[in-house]
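What follows is the content of query26.txt, which has compact mmCIF, C-alpha atoms and all ligand atoms:
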```txt
# COMPACT_ATOMS: atom_id res chain seq x y z
CA MET A 1 -16.33 32.68 55.15
CA ILE A 2 -15.27 29.13 56.00
CA LYS A 3 -18.10 27.81 53.84
CA ARG A 4 -16.95 29.97 50.93
CA THR A 5 -13.39 28.65 51.15
CA LYS A 6 -14.73 25.13 51.32
CA SER A 7 -16.89 25.50 48.24
CA ARG A 8 -13.96 27.07 46.44
CA TYR A 9 -11.93 24.01 47.40
CA VAL A 10 -14.63 21.70 46.07
CA PHE A 11 -14.81 23.73 42.90
CA LEU A 12 -11.05 23.45 42.39
CA LEU A 13 -11.24 19.73 43.03
CA VAL A 14 -13.92 19.37 40.35
CA VAL A 15 -11.89 21.43 37.88
CA PHE A 16 -8.82 19.38 38.68
CA THR A 17 -10.74 16.14 38.11
CA ILE A 18 -12.03 17.41 34.78
CA VAL A 19 -8.53 18.40 33.68
CA ILE A 20 -7.17 14.97 34.61
CA ALA A 21 -10.06 13.26 32.81
CA ALA A 22 -9.53 15.42 29.72
CA ALA A 23 -5.81 14.67 29.77
CA GLY A 24 -6.65 10.97 30.00
CA ALA A 25 -9.07 11.25 27.10
CA CYS A 26 -6.44 13.02 25.04
CA GLY A 27 -3.97 10.36 26.01
CA SER A 28 -5.74 7.56 24.19
CA PRO A 29 -5.85 9.17 20.73
CA ASP A 30 -2.24 10.16 21.26
CA GLN A 31 -1.36 6.58 21.88
CA THR A 32 -3.27 5.53 18.79
CA ASP A 33 -1.43 8.19 16.83
CA THR A 34 1.94 6.88 17.88
CA THR A 35 1.01 3.30 16.98
CA THR A 36 -0.46 4.22 13.58
CA PRO A 37 2.90 5.16 11.99
CA THR A 38 4.39 1.97 13.41
CA VAL A 39 1.70 -0.06 11.67
CA THR A 40 2.28 1.88 8.46
CA THR A 41 5.99 1.29 8.70
CA SER A 42 5.57 -2.43 9.25
CA SER A 43 3.23 -2.68 6.25
CA GLN A 44 5.53 -0.52 4.13
CA VAL A 45 6.08 -2.60 1.01
CA ARG A 46 9.61 -2.88 -0.26
CA PHE A 47 10.17 -3.55 -3.93
CA SER A 48 13.37 -5.54 -3.35
CA ALA A 49 12.06 -7.64 -0.47
CA ASP A 50 8.37 -8.06 -1.35
CA ILE A 51 7.76 -7.51 -5.06
CA GLN A 52 10.85 -8.66 -6.94
CA PRO A 53 10.81 -12.12 -5.24
CA LEU A 54 7.21 -12.53 -6.48
CA PHE A 55 8.30 -11.69 -10.02
CA ASN A 56 11.26 -14.07 -9.73
CA SER A 57 9.10 -17.02 -8.78
CA ARG A 58 6.03 -16.37 -10.94
CA CYS A 59 6.91 -14.11 -13.87
CA VAL A 60 10.57 -14.05 -14.90
CA ALA A 61 10.37 -17.39 -16.73
CA CYS A 62 8.55 -15.53 -19.51
CA HIS A 63 9.37 -11.90 -18.80
CA GLN A 64 13.14 -11.90 -19.22
CA GLY A 65 15.45 -10.47 -21.83
CA VAL A 66 13.18 -8.49 -24.14
CA GLY A 67 10.37 -10.34 -22.38
CA ASP A 68 6.88 -11.36 -23.44
CA ALA A 69 4.88 -8.24 -24.37
CA GLY A 70 8.20 -6.32 -24.26
CA LEU A 71 8.22 -6.54 -20.47
CA SER A 72 11.25 -7.65 -18.50
CA LEU A 73 10.63 -8.46 -14.85
CA GLU A 74 14.20 -9.54 -14.10
CA PRO A 75 15.99 -8.18 -11.03
CA GLY A 76 17.55 -4.83 -11.91
CA LYS A 77 15.22 -4.33 -14.89
CA ALA A 78 11.70 -4.82 -13.53
CA HIS A 79 11.23 -1.44 -11.86
CA ALA A 80 12.37 0.51 -14.92
CA SER A 81 10.20 -1.69 -17.19
CA LEU A 82 7.09 -0.98 -15.18
CA VAL A 83 6.98 2.42 -13.53
CA ASN A 84 5.65 5.19 -15.81
CA VAL A 85 6.12 2.94 -18.86
CA ALA A 86 3.28 2.69 -21.37
CA SER A 87 1.62 -0.70 -21.71
CA THR A 88 2.06 -2.38 -25.11
CA GLN A 89 -1.50 -3.67 -25.03
CA SER A 90 -3.70 -1.06 -23.36
CA PRO A 91 -4.03 2.74 -23.13
CA LEU A 92 -2.84 2.53 -19.51
CA VAL A 93 0.61 2.92 -18.08
CA ARG A 94 1.98 -0.32 -16.59
CA VAL A 95 2.46 1.24 -13.15
CA THR A 96 1.26 4.73 -12.20
CA PRO A 97 2.86 5.61 -8.85
CA GLY A 98 0.19 6.22 -6.21
CA ASN A 99 -2.65 5.05 -8.46
CA PRO A 100 -3.36 1.29 -8.56
CA GLU A 101 -6.51 1.73 -10.68
CA GLN A 102 -4.45 3.41 -13.40
CA SER A 103 -1.83 0.66 -13.30
CA TYR A 104 -2.24 -1.96 -16.01
CA LEU A 105 -0.03 -4.40 -14.10
CA LEU A 106 -2.64 -4.67 -11.36
CA HIS A 107 -5.44 -5.22 -13.90
CA LYS A 108 -3.42 -8.04 -15.48
CA LEU A 109 -3.00 -9.68 -12.06
CA ASN A 110 -6.70 -9.28 -11.23
CA GLY A 111 -7.89 -10.37 -14.68
CA THR A 112 -9.67 -7.04 -15.28
CA GLN A 113 -7.47 -6.06 -18.25
CA LEU A 114 -10.35 -6.21 -20.80
CA GLN A 115 -12.39 -3.70 -18.76
CA VAL A 116 -9.66 -1.08 -19.14
CA GLY A 117 -9.13 -1.50 -22.87
CA GLY A 118 -6.40 -4.11 -22.67
CA THR A 119 -6.02 -7.55 -24.23
CA GLY A 120 -4.63 -10.99 -23.51
CA SER A 121 -4.83 -13.16 -20.41
CA ARG A 122 -4.71 -12.73 -16.70
CA MET A 123 -1.13 -13.04 -15.42
CA PRO A 124 0.71 -15.25 -14.67
CA PHE A 125 -0.13 -16.61 -18.12
CA GLY A 126 -1.31 -20.23 -18.05
CA SER A 127 -1.05 -20.74 -14.30
CA SER A 128 -2.87 -19.96 -11.08
CA ALA A 129 -3.48 -16.36 -10.08
CA LEU A 130 -1.41 -14.73 -7.38
CA SER A 131 -3.04 -14.98 -3.94
CA ALA A 132 -5.17 -12.09 -2.70
CA SER A 133 -2.44 -11.12 -0.23
CA GLN A 134 0.22 -11.15 -2.96
CA ILE A 135 -1.95 -8.93 -5.14
CA ASP A 136 -2.49 -6.65 -2.12
CA LEU A 137 1.28 -6.33 -1.80
CA VAL A 138 1.50 -5.12 -5.39
CA ARG A 139 -1.44 -2.77 -4.85
CA ASN A 140 0.11 -1.33 -1.68
CA TRP A 141 3.49 -0.96 -3.31
CA ILE A 142 1.84 1.11 -6.06
CA SER A 143 -0.25 3.12 -3.56
CA GLN A 144 2.87 3.90 -1.56
CA GLY A 145 4.47 5.46 -4.63
CA ALA A 146 5.95 2.42 -6.45
CA GLN A 147 9.38 3.17 -5.08
CA ASN A 148 12.51 1.32 -6.08
CA ASN A 149 13.23 0.56 -2.44
C1 LIG B 201 4.03 -18.43 -19.19
C2 LIG B 201 4.53 -17.12 -19.56
C3 LIG B 201 4.17 -15.92 -18.71
C4 LIG B 201 4.22 -15.79 -17.35
C5 LIG B 201 4.64 -16.84 -16.32
C6 LIG B 201 3.83 -14.44 -17.06
N1 LIG B 201 3.56 -13.75 -18.21
FE1 LIG B 201 2.96 -11.81 -18.36
N2 LIG B 201 2.74 -12.03 -20.39
C7 LIG B 201 2.98 -13.19 -21.08
C8 LIG B 201 2.54 -13.02 -22.45
C9 LIG B 201 2.63 -14.09 -23.56
C10 LIG B 201 1.99 -11.72 -22.54
C11 LIG B 201 1.30 -11.08 -23.78
C12 LIG B 201 -0.05 -11.79 -24.03
C13 LIG B 201 -1.07 -11.58 -22.93
O1 LIG B 201 -1.11 -10.52 -22.33
O2 LIG B 201 -1.85 -12.52 -22.65
C14 LIG B 201 2.17 -11.11 -21.23
C15 LIG B 201 1.81 -9.82 -20.91
C16 LIG B 201 2.00 -9.22 -19.67
C17 LIG B 201 1.71 -7.84 -19.35
C18 LIG B 201 1.25 -6.75 -20.30
C19 LIG B 201 2.41 -5.88 -20.63
C20 LIG B 201 2.01 -4.62 -21.36
O3 LIG B 201 2.90 -3.87 -21.74
O4 LIG B 201 0.81 -4.37 -21.56
C21 LIG B 201 1.97 -7.68 -18.03
C22 LIG B 201 1.83 -6.40 -17.22
C23 LIG B 201 2.42 -8.95 -17.53
N3 LIG B 201 2.44 -9.86 -18.53
C24 LIG B 201 2.79 -9.15 -16.22
C25 LIG B 201 3.13 -10.40 -15.71
C26 LIG B 201 3.38 -10.64 -14.33
C27 LIG B 201 3.39 -9.57 -13.25
C28 LIG B 201 3.63 -11.97 -14.19
C29 LIG B 201 3.90 -12.73 -12.93
C30 LIG B 201 2.95 -12.55 -11.84
C31 LIG B 201 3.56 -12.56 -15.51
N4 LIG B 201 3.23 -11.59 -16.40
C32 LIG B 201 3.76 -13.91 -15.78
C33 LIG B 201 3.55 -14.34 -20.60
C34 LIG B 201 3.74 -14.63 -19.26
```

How does this structure look as structure tokens?
Ligand code: HEC
Amino acid sequence: MIKRTKSRYVFLLVVFTIVIAAAGACGSPDQTDTTTPTVTTSSQVRFSADIQPLFNSRCVACHQGVGDAGLSLEPGKAHASLVNVASTQSPLVRVTPGNPEQSYLLHKLNGTQLQVGGTGSRMPFGSSALSASQIDLVRNWISQGAQNN
């Protein structure tokens, strides 16, 4: 009888240990889950803070007023000139929210415009390409829905 109680005790101890271990194992993915949104939030691209300043320094000199290729990238005009607006030189839309590959803007920055039926030069015209991280910003902004945020 005593032996039986003892083995029951041992059994409970084992179960208890397993439950604790399982809770611990569940804890780690939970922690990862809570950090993932934080990472996403910190890499959330903002049009006003991340994209427009790029346009101001590298593009607006040519793309203002009516703008070269009919594209104005001035503050207050750039978003409306890009998002869901047909390109003047390719079958693509300039920016398709959520779809970088279908966004002519990105092809012009990468120099892949001819491969998607476009024309002309890589942008910025006549000067060095944007850095890979700057182009990534534009790509992520489009992937995240090309918001006017
Ligand atoms: C020195 C002048 C100049 C600068 C700077 C410049 N562009 Fe352009 N852009 C042009 C000209 C000219 C064209 C039309 C000819 C061509 O595509 O080569 C054009 C065409 C475009 C087009 C095609 C528009 C359409 O409707 O198909 C896009 C998109 C574009 N530029 C984006 C940009 C971006 C983004 C920047 C800055 C990173 C930039 N450009 C910088 C002169 C410029």

(message) How would you report the residues lying within 10 Å of ligand LIG 201 (chain B), as a ChimeraX atom specification, if you count only C-alpha atoms and all ligand atoms?
(response) /A:51-52,54-64,67-73,78,81-82,85-95,103-109,113,118-130,134-135,138

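As for CA of Pro75 (chain A) and CA of Val116 (chain A), they are spaced 27.8 Å apart.
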
(request) May I ask which of the residues A:Ser43, A:Thr112, A:Ser143, A:Ser48 is the closest one to Thr96 (chain A), counting all atoms listed in the file? (result) A:Ser143

(request) Calculate how many Å separate CA of Gln147 (chain A) from CA of Ser133 (chain A), rounding to one decimal. (result) 19.2 Å

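One finds CA of Asn148 (chain A) at 7.7 Å from CA of Arg46 (chain A).
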